[in-house]
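Engineer: Just passing along the structure, written as structure tokens.
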Amino acid sequence: MKTKSLILTGLLAFAAALTPAAFAGGTLTPVGSPHAPIQIRSHQVNVTINNGFAQTEVLQTFFNPNPTDLEALYVFPVPKSASLSEVTITSGEKTLNGEVLPKKEAETIYEEEKSKGNDAGLTTKNGYQNYEFKITPVRANAETQLRFVYYQPLEIDTGVGRYVYPLEEGGTDEVAKSFWQPAHSTVEGRFAINVTLKSAWPVADVRVPGFENATVTNKLDAGHYTLSLDRTGAKLDRDFVLYYRLADNLPGRVEVIPYRADKSKPGTFMMVVTPGIDLQPITSADYTYVLDVSGSMQGKIATLANGISQALGQMRPADRFRIITFNNNATEILGWTTATPENVANATTLVKAMQPNGGTNIYAGLQLALKNLDADRASSVVLVTDGVTNEGIVDPAKFHALLKQQDVRFFGFLMGNNANWPLMRAMGDATGGFYTGVSNSDDIVGQLLLAKSKIAFESLHDASFKFTGARVSETTGDLPQKIYRGQQLVIFGRYDGAGPATVSLKARLTGEDKTYTTTFNFPEVDTDNPEIERLWALAQIEQIELKEAIGQMPASESKDAIISLGVTYQLVTDHTAMLVLDDATHASRGIDRKNQQRTATERTAQSVRSSRPVKSYQVDAQQPTYSAPAPHVSHSGGGGGGGALDRKDIVMLAVIIGLVGGAYAGRQAMKRKSDKE
């Protein structure tokens with residue numbers, strides 16, 4: 001039986017043409033009115049990318065031009081799988097540092113300190129949307145400095161690494177925007193982003209879309225670059241995206257980054273697996289277009305029809321297509337048919353006749369898309385939406401159960417910094433699917449190249465990793481189900497005892513069992529990367545949240561587990577918060593300075609790493625796990641190839657951009673209309 005492909009495309013839009021005047025992230029907003037907006041005197045971002053994860057340090061200086069002290073709210077989008085580790089507030093000669101506590105306890109203490117007129121801060125997580133930093137008081141006619149640090153794992157996709165510093169659409173939601181006074185989002189002084197990139201593997205090129213001329217790039221070594229962007233009077237309404245492309249013909253490989261402070265304690269590791277496997281192209285397929293025709297699509301139907309006409313006209317004779325639309329409900333307006341000129345014209349007429357209205361029922365669209373699929377053909381389902389489901393079934397557990405009913409190939413692309421990652425994670429877990437975020441500042445053609453490498457090629461099925469020879473426990477990412485071409489996998493876990501361990505990847509490819517194995521050593525002590533502990537804990541939290549979302553863990557049990565991990569490893573979650581106080585107040589309230597100790601350990605390790613050449617963590621160099629090189633985006637054929645774009649791909653890109661861009665622009669128009677009302 002052929003496996004079907006489910007492509008979930010969320011707001012894959014034009015970067016320049018469709019960029020809205022969005023509410024920007026990285027801004028400090030006074031609570032209450034009428035008050036003049038708080039000014040941003042400077043905004044500096046320092047990024048270090050080193051062997052599989054990134055550290056981002058944000059430093060901002062604000063100025064309160066009002067004659068009175070204020071409480072202010074700072075909002076920052078939640079990057080995917082980011083662990084917020086430090087928050088520091090400096091006002092005058094006073095410095096406040098953060099410690100993570102259970103959320104209710106932290107909120108109570110913050111309100112008590114605020115009522116006394118004392119300096120305090122509070123950082124909470126607003127679901128998958130953003131972090132909220134409350135600061136009190138922001139002194140009248142004075143500057144306040146805010147510093148925070150977060151870590152996140154970065155994966156290489158078909159030889160290309162990608163880092164995003166999110167700013168666009170990073171503000172509060174529509175309800176909050178109608179309550180809080182809009183923030184001042186222009187930096188009065190200096191806006192700077194400094195990036196240090198260290199890779200154990202040669203880097204062929206780096207790119208910052210939209211800032212090519214403004215970015216100063218220095219190549220210090222084959223895998224060592226620095227980049228700096230320095231501007232004055234910049235608006236904080238556009239993401240900073242960095243691509244770095246590794247050299248071609250690098251081996252498939254296994255890398256293990258360990259951390260163990262003491263041999264009497266368990267160790268933690270991050271394993272990065274880059275398969276080198278010869279996956280072949282899929283020769284024919286069915287395509288289901290699932291189009292959002294909710295009210296936000298007003299004025300975009302003709303554009304959609306023209307794009308579909310061009311795309312269908314370029315399909316191969318063996319390909320078929322159908323069209324499903326959804327708003328409050330879903331309807332199949334055209335069944336399976338071949339892409340003849342007559343059928344294309346008919347499809348165009350049908351799409352032009354659609355009348356956009358109603359809400360967004362993604363579940364109904366997916367439910368209908370998964371019906372009447374041919375078991376003997378590879379099927380691709382292209383869902384065009386922004387991922388905001390507000391009608392019908394919205395429970396992630398229901399989405400999970402729906403997608404579990406069939407063995408489909410699932411690909412998700414989410415646009416925007418408030419994307420619903422938990423829902424996407426549930427759908428990906430059900431199918432072994434691949435999903436990623438897309439920014440308006442991305443190279444869209446490049447994103448399509450990376451997507452094509454997965455959509456148009458075979459995948460490994462029933463994939464799982466198994467560890468032997470060592471006591472490995474509490475792993476995440478070791479049951480991927482499917483592995484797609486060019487996909488890099490990240491596994492976190494704990495280990496007890498040092499010595500040899502064997503990891504085996506078992507999977508099926510075109511009906512045959514495949515096993516890929518390597519043996520390596522866990523160290524007794526390795527203190528180079530203490531940040532791995534926080535990343536491991538966050539991966540555990542995400543796994544717990546997923547289990548709760550799909551009904552595999554009671555909410556009360558999930559909450560207790562998340563609080564325990566959040567406090568132990570000092571992570572801001574939905575159930576924990578970071579309380580920011582001066583040292584004397586922390587001491588008077590008897591708050592355990594766990595974060596102070598942890599950040600001191602991390603800073604010491606970072607200082608040591610910064611003065612050393614980048615270290616390779618490959619564990620299978622002597623006995624390679626894979627016989628083929630890792631797939632690379634520059635290749636055009638099978639084996640390690642990446643699948644170059646042909647004319648059909650360019651047209652397919654045009655229709656997806658047109659469809660999703662229309663949805664995005666339509667939603668922004670509706671939001672602007674709502675704001676005016």
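Convention: chains lettered A, B, ... in structure tokens order; per-chain residue numbering from 1; ligands numbered from 1 as shown.
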With DSSP run on the backbone, what are the strand (DSSP E or B) residues within range 281-507 of chain A? I'd like them as a count of residues only.

Structural biologist: 84

Engineer: So that I can check the surroundings of range 57-65 of chain A, please list as an MDAnalysis selection string every protein, DNA and RNA residue that reaches within 7 Å of it, counting only C-alpha atoms and ignoring chain neighbours fewer than 5 positions away.

Structural biologist: chainID A and resid 36 38:47 138:150

Engineer: For N, CA and C atoms, I'd like the residues from the last selection saved as a compact mmCIF listing (two decimals), in the first residue's frame.

Structural biologist:
# COMPACT_ATOMS: atom_id res chain seq x y z
N ALA A 36 1.94 58.58 27.89
CA ALA A 36 2.75 58.58 26.66
C ALA A 36 3.46 57.25 26.53
N ILE A 38 6.16 54.44 26.28
CA ILE A 38 7.52 54.34 26.78
C ILE A 38 8.46 54.18 25.60
N GLN A 39 9.54 54.95 25.59
CA GLN A 39 10.46 54.97 24.45
C GLN A 39 11.50 53.85 24.58
N ILE A 40 11.92 53.34 23.42
CA ILE A 40 12.99 52.35 23.38
C ILE A 40 14.27 53.08 23.02
N ARG A 41 15.17 53.20 23.96
CA ARG A 41 16.43 53.91 23.73
C ARG A 41 17.42 53.04 22.95
N SER A 42 17.43 51.76 23.24
CA SER A 42 18.32 50.84 22.51
C SER A 42 17.78 49.43 22.60
N HIS A 43 18.14 48.62 21.62
CA HIS A 43 17.70 47.21 21.56
C HIS A 43 18.87 46.42 20.98
N GLN A 44 19.48 45.59 21.80
CA GLN A 44 20.64 44.81 21.37
C GLN A 44 20.38 43.33 21.59
N VAL A 45 20.75 42.53 20.58
CA VAL A 45 20.55 41.08 20.63
C VAL A 45 21.89 40.42 20.35
N ASN A 46 22.31 39.54 21.25
CA ASN A 46 23.55 38.78 21.07
C ASN A 46 23.21 37.30 20.97
N VAL A 47 23.57 36.71 19.85
CA VAL A 47 23.21 35.32 19.57
C VAL A 47 24.48 34.50 19.41
N VAL A 138 8.30 51.59 36.65
CA VAL A 138 9.20 52.19 35.67
C VAL A 138 9.26 53.66 36.05
N ARG A 139 10.42 54.11 36.53
CA ARG A 139 10.54 55.42 37.14
C ARG A 139 10.27 56.56 36.15
N ALA A 140 9.65 57.61 36.64
CA ALA A 140 9.35 58.78 35.82
C ALA A 140 10.62 59.44 35.32
N ASN A 141 10.61 59.78 34.01
CA ASN A 141 11.74 60.49 33.38
C ASN A 141 13.07 59.79 33.66
N ALA A 142 13.04 58.45 33.60
CA ALA A 142 14.25 57.68 33.87
C ALA A 142 14.31 56.47 32.96
N GLU A 143 15.52 55.91 32.86
CA GLU A 143 15.73 54.72 32.04
C GLU A 143 15.59 53.45 32.87
N THR A 144 15.12 52.40 32.21
CA THR A 144 15.06 51.06 32.80
C THR A 144 15.66 50.09 31.80
N GLN A 145 16.55 49.21 32.27
CA GLN A 145 17.15 48.20 31.40
C GLN A 145 16.53 46.83 31.69
N LEU A 146 16.20 46.13 30.62
CA LEU A 146 15.67 44.76 30.73
C LEU A 146 16.58 43.84 29.95
N ARG A 147 17.00 42.76 30.61
CA ARG A 147 17.85 41.75 29.96
C ARG A 147 17.22 40.39 30.18
N PHE A 148 17.15 39.59 29.11
CA PHE A 148 16.73 38.20 29.29
C PHE A 148 17.47 37.31 28.32
N VAL A 149 17.54 36.03 28.68
CA VAL A 149 18.31 35.04 27.92
C VAL A 149 17.44 33.81 27.73
N TYR A 150 17.49 33.25 26.51
CA TYR A 150 16.81 31.97 26.30
C TYR A 150 17.66 31.07 25.40

Engineer: Using only C-alpha atoms, which of the listed residues (A:Glu458, A:Glu342, A:Asp592, A:Asp442) sits closest to Gly210 in chain A?

Structural biologist: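 Among the listed residues, A:Asp442 lies closest to Gly210 in chain A.
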
Engineer: Excluding Ala330 in chain A and residues on its chain fewer than 2 positions from it, collect all residues at most 8 Å away from it, counting only C-alpha atoms, and give them as an mmCIF file with N, CA and C atoms, in the first residue's frame.

Structural biologist:
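The resulting file, around_20.cif, is shown below:
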data_model
loop_
_atom_site.group_PDB
_atom_site.id
_atom_site.type_symbol
_atom_site.label_atom_id
_atom_site.label_comp_id
_atom_site.auth_asym_id
_atom_site.auth_seq_id
_atom_site.Cartn_x
_atom_site.Cartn_y
_atom_site.Cartn_z
ATOM 1 N N ILE A 324 -11.285 20.923 -2.023
ATOM 2 C CA ILE A 324 -12.175 20.968 -0.861
ATOM 3 C C ILE A 324 -12.104 22.377 -0.283
ATOM 4 N N THR A 325 -13.251 22.936 0.063
ATOM 5 C CA THR A 325 -13.282 24.242 0.718
ATOM 6 C C THR A 325 -13.880 24.096 2.109
ATOM 7 N N PHE A 326 -13.514 25.027 2.982
ATOM 8 C CA PHE A 326 -14.101 25.002 4.330
ATOM 9 C C PHE A 326 -14.192 26.405 4.901
ATOM 10 N N ASN A 327 -15.255 26.627 5.650
ATOM 11 C CA ASN A 327 -15.388 27.766 6.552
ATOM 12 C C ASN A 327 -15.978 27.224 7.848
ATOM 13 N N ASN A 328 -17.278 27.416 8.065
ATOM 14 C CA ASN A 328 -17.905 26.766 9.222
ATOM 15 C C ASN A 328 -17.995 25.256 9.032
ATOM 16 N N GLU A 332 -16.630 19.280 -0.659
ATOM 17 C CA GLU A 332 -15.821 18.909 -1.813
ATOM 18 C C GLU A 332 -16.504 19.489 -3.059
ATOM 19 N N ASN A 361 -13.064 26.238 10.251
ATOM 20 C CA ASN A 361 -13.209 24.900 10.808
ATOM 21 C C ASN A 361 -12.178 23.982 10.148
ATOM 22 N N ALA A 364 -12.976 20.105 10.066
ATOM 23 C CA ALA A 364 -13.885 19.640 9.017
ATOM 24 C C ALA A 364 -13.151 19.512 7.689
ATOM 25 N N GLY A 365 -12.256 20.464 7.391
ATOM 26 C CA GLY A 365 -11.491 20.382 6.155
ATOM 27 C C GLY A 365 -10.588 19.160 6.112
ATOM 28 N N LEU A 368 -12.648 15.779 5.779
ATOM 29 C CA LEU A 368 -13.080 15.491 4.420
ATOM 30 C C LEU A 368 -11.896 15.149 3.519
#

Engineer: Quick one: residues within 9 Å of Asp248 in chain A, only C-alpha atoms, excluding same-chain residues fewer than 6 positions away - as a ChimeraX atom specification?

Structural biologist: /A:159,202,204,629-635

Engineer: Store the residues picked out above, limited to N, CA and C atoms, as a PDB file, in the first residue's frame.

Structural biologist:
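Result file follows (result35.pdb):
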ATOM      1  N   GLY A 159      20.832  20.164   5.020  1.00  0.00           N
ATOM      2  CA  GLY A 159      22.099  20.886   4.951  1.00  0.00           C
ATOM      3  C   GLY A 159      22.009  22.355   5.274  1.00  0.00           C
ATOM      4  N   PRO A 202      32.031  22.407   8.144  1.00  0.00           N
ATOM      5  CA  PRO A 202      32.270  23.602   7.327  1.00  0.00           C
ATOM      6  C   PRO A 202      30.963  24.260   6.885  1.00  0.00           C
ATOM      7  N   ALA A 204      29.337  26.701   4.162  1.00  0.00           N
ATOM      8  CA  ALA A 204      29.627  27.210   2.822  1.00  0.00           C
ATOM      9  C   ALA A 204      29.191  28.658   2.659  1.00  0.00           C
ATOM     10  N   PRO A 629      26.166  10.088   2.033  1.00  0.00           N
ATOM     11  CA  PRO A 629      26.267  11.425   2.625  1.00  0.00           C
ATOM     12  C   PRO A 629      24.897  11.945   3.038  1.00  0.00           C
ATOM     13  N   ALA A 630      24.885  12.947   3.900  1.00  0.00           N
ATOM     14  CA  ALA A 630      23.630  13.579   4.302  1.00  0.00           C
ATOM     15  C   ALA A 630      23.032  14.322   3.115  1.00  0.00           C
ATOM     16  N   PRO A 631      21.719  14.284   2.924  1.00  0.00           N
ATOM     17  CA  PRO A 631      21.090  15.036   1.833  1.00  0.00           C
ATOM     18  C   PRO A 631      21.417  16.522   1.932  1.00  0.00           C
ATOM     19  N   HIS A 632      21.521  17.157   0.772  1.00  0.00           N
ATOM     20  CA  HIS A 632      21.878  18.570   0.726  1.00  0.00           C
ATOM     21  C   HIS A 632      20.983  19.295  -0.257  1.00  0.00           C
ATOM     22  N   VAL A 633      20.594  20.498   0.092  1.00  0.00           N
ATOM     23  CA  VAL A 633      19.641  21.252  -0.714  1.00  0.00           C
ATOM     24  C   VAL A 633      20.163  21.562  -2.108  1.00  0.00           C
ATOM     25  N   SER A 634      21.475  21.559  -2.293  1.00  0.00           N
ATOM     26  CA  SER A 634      22.042  21.929  -3.587  1.00  0.00           C
ATOM     27  C   SER A 634      22.005  20.805  -4.606  1.00  0.00           C
ATOM     28  N   HIS A 635      21.731  19.579  -4.160  1.00  0.00           N
ATOM     29  CA  HIS A 635      21.753  18.445  -5.074  1.00  0.00           C
ATOM     30  C   HIS A 635      20.492  18.396  -5.935  1.00  0.00           C
TER      31      HIS A 635
END

Engineer: If I take CA of Val344 in chain A and CA of Val384 in chain A, how far is one from the other in Å, to one decimal?

Structural biologist: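 Computing it gives 19.0 Å between the two atoms.
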
Engineer: Excluding same-chain residues fewer than 4 positions from range 429-433 of chain A, what lies within 7 Å of it counting only C-alpha atoms, as a PDB file with C-alpha atoms, in the first residue's frame?

Structural biologist:
ATOM      1  CA  HIS A 400      -4.883  13.436  17.027  1.00  0.00           C
ATOM      2  CA  LEU A 403      -5.141  11.638  11.907  1.00  0.00           C
ATOM      3  CA  LYS A 404      -4.400   8.330  13.651  1.00  0.00           C
ATOM      4  CA  ASP A 407      -1.127   6.183   7.678  1.00  0.00           C
ATOM      5  CA  VAL A 408      -0.563   9.585   6.083  1.00  0.00           C
ATOM      6  CA  ARG A 409       2.508  11.662   5.300  1.00  0.00           C
ATOM      7  CA  PHE A 410       2.002  14.909   7.174  1.00  0.00           C
ATOM      8  CA  PHE A 411       3.869  18.166   6.578  1.00  0.00           C
ATOM      9  CA  ARG A 425       2.617  18.975  17.688  1.00  0.00           C
ATOM     10  CA  PRO A 480       9.793   9.617  15.337  1.00  0.00           C
ATOM     11  CA  GLN A 481       7.631   7.026  13.466  1.00  0.00           C
ATOM     12  CA  LYS A 482       8.650   8.519  10.102  1.00  0.00           C
TER      13      LYS A 482
END
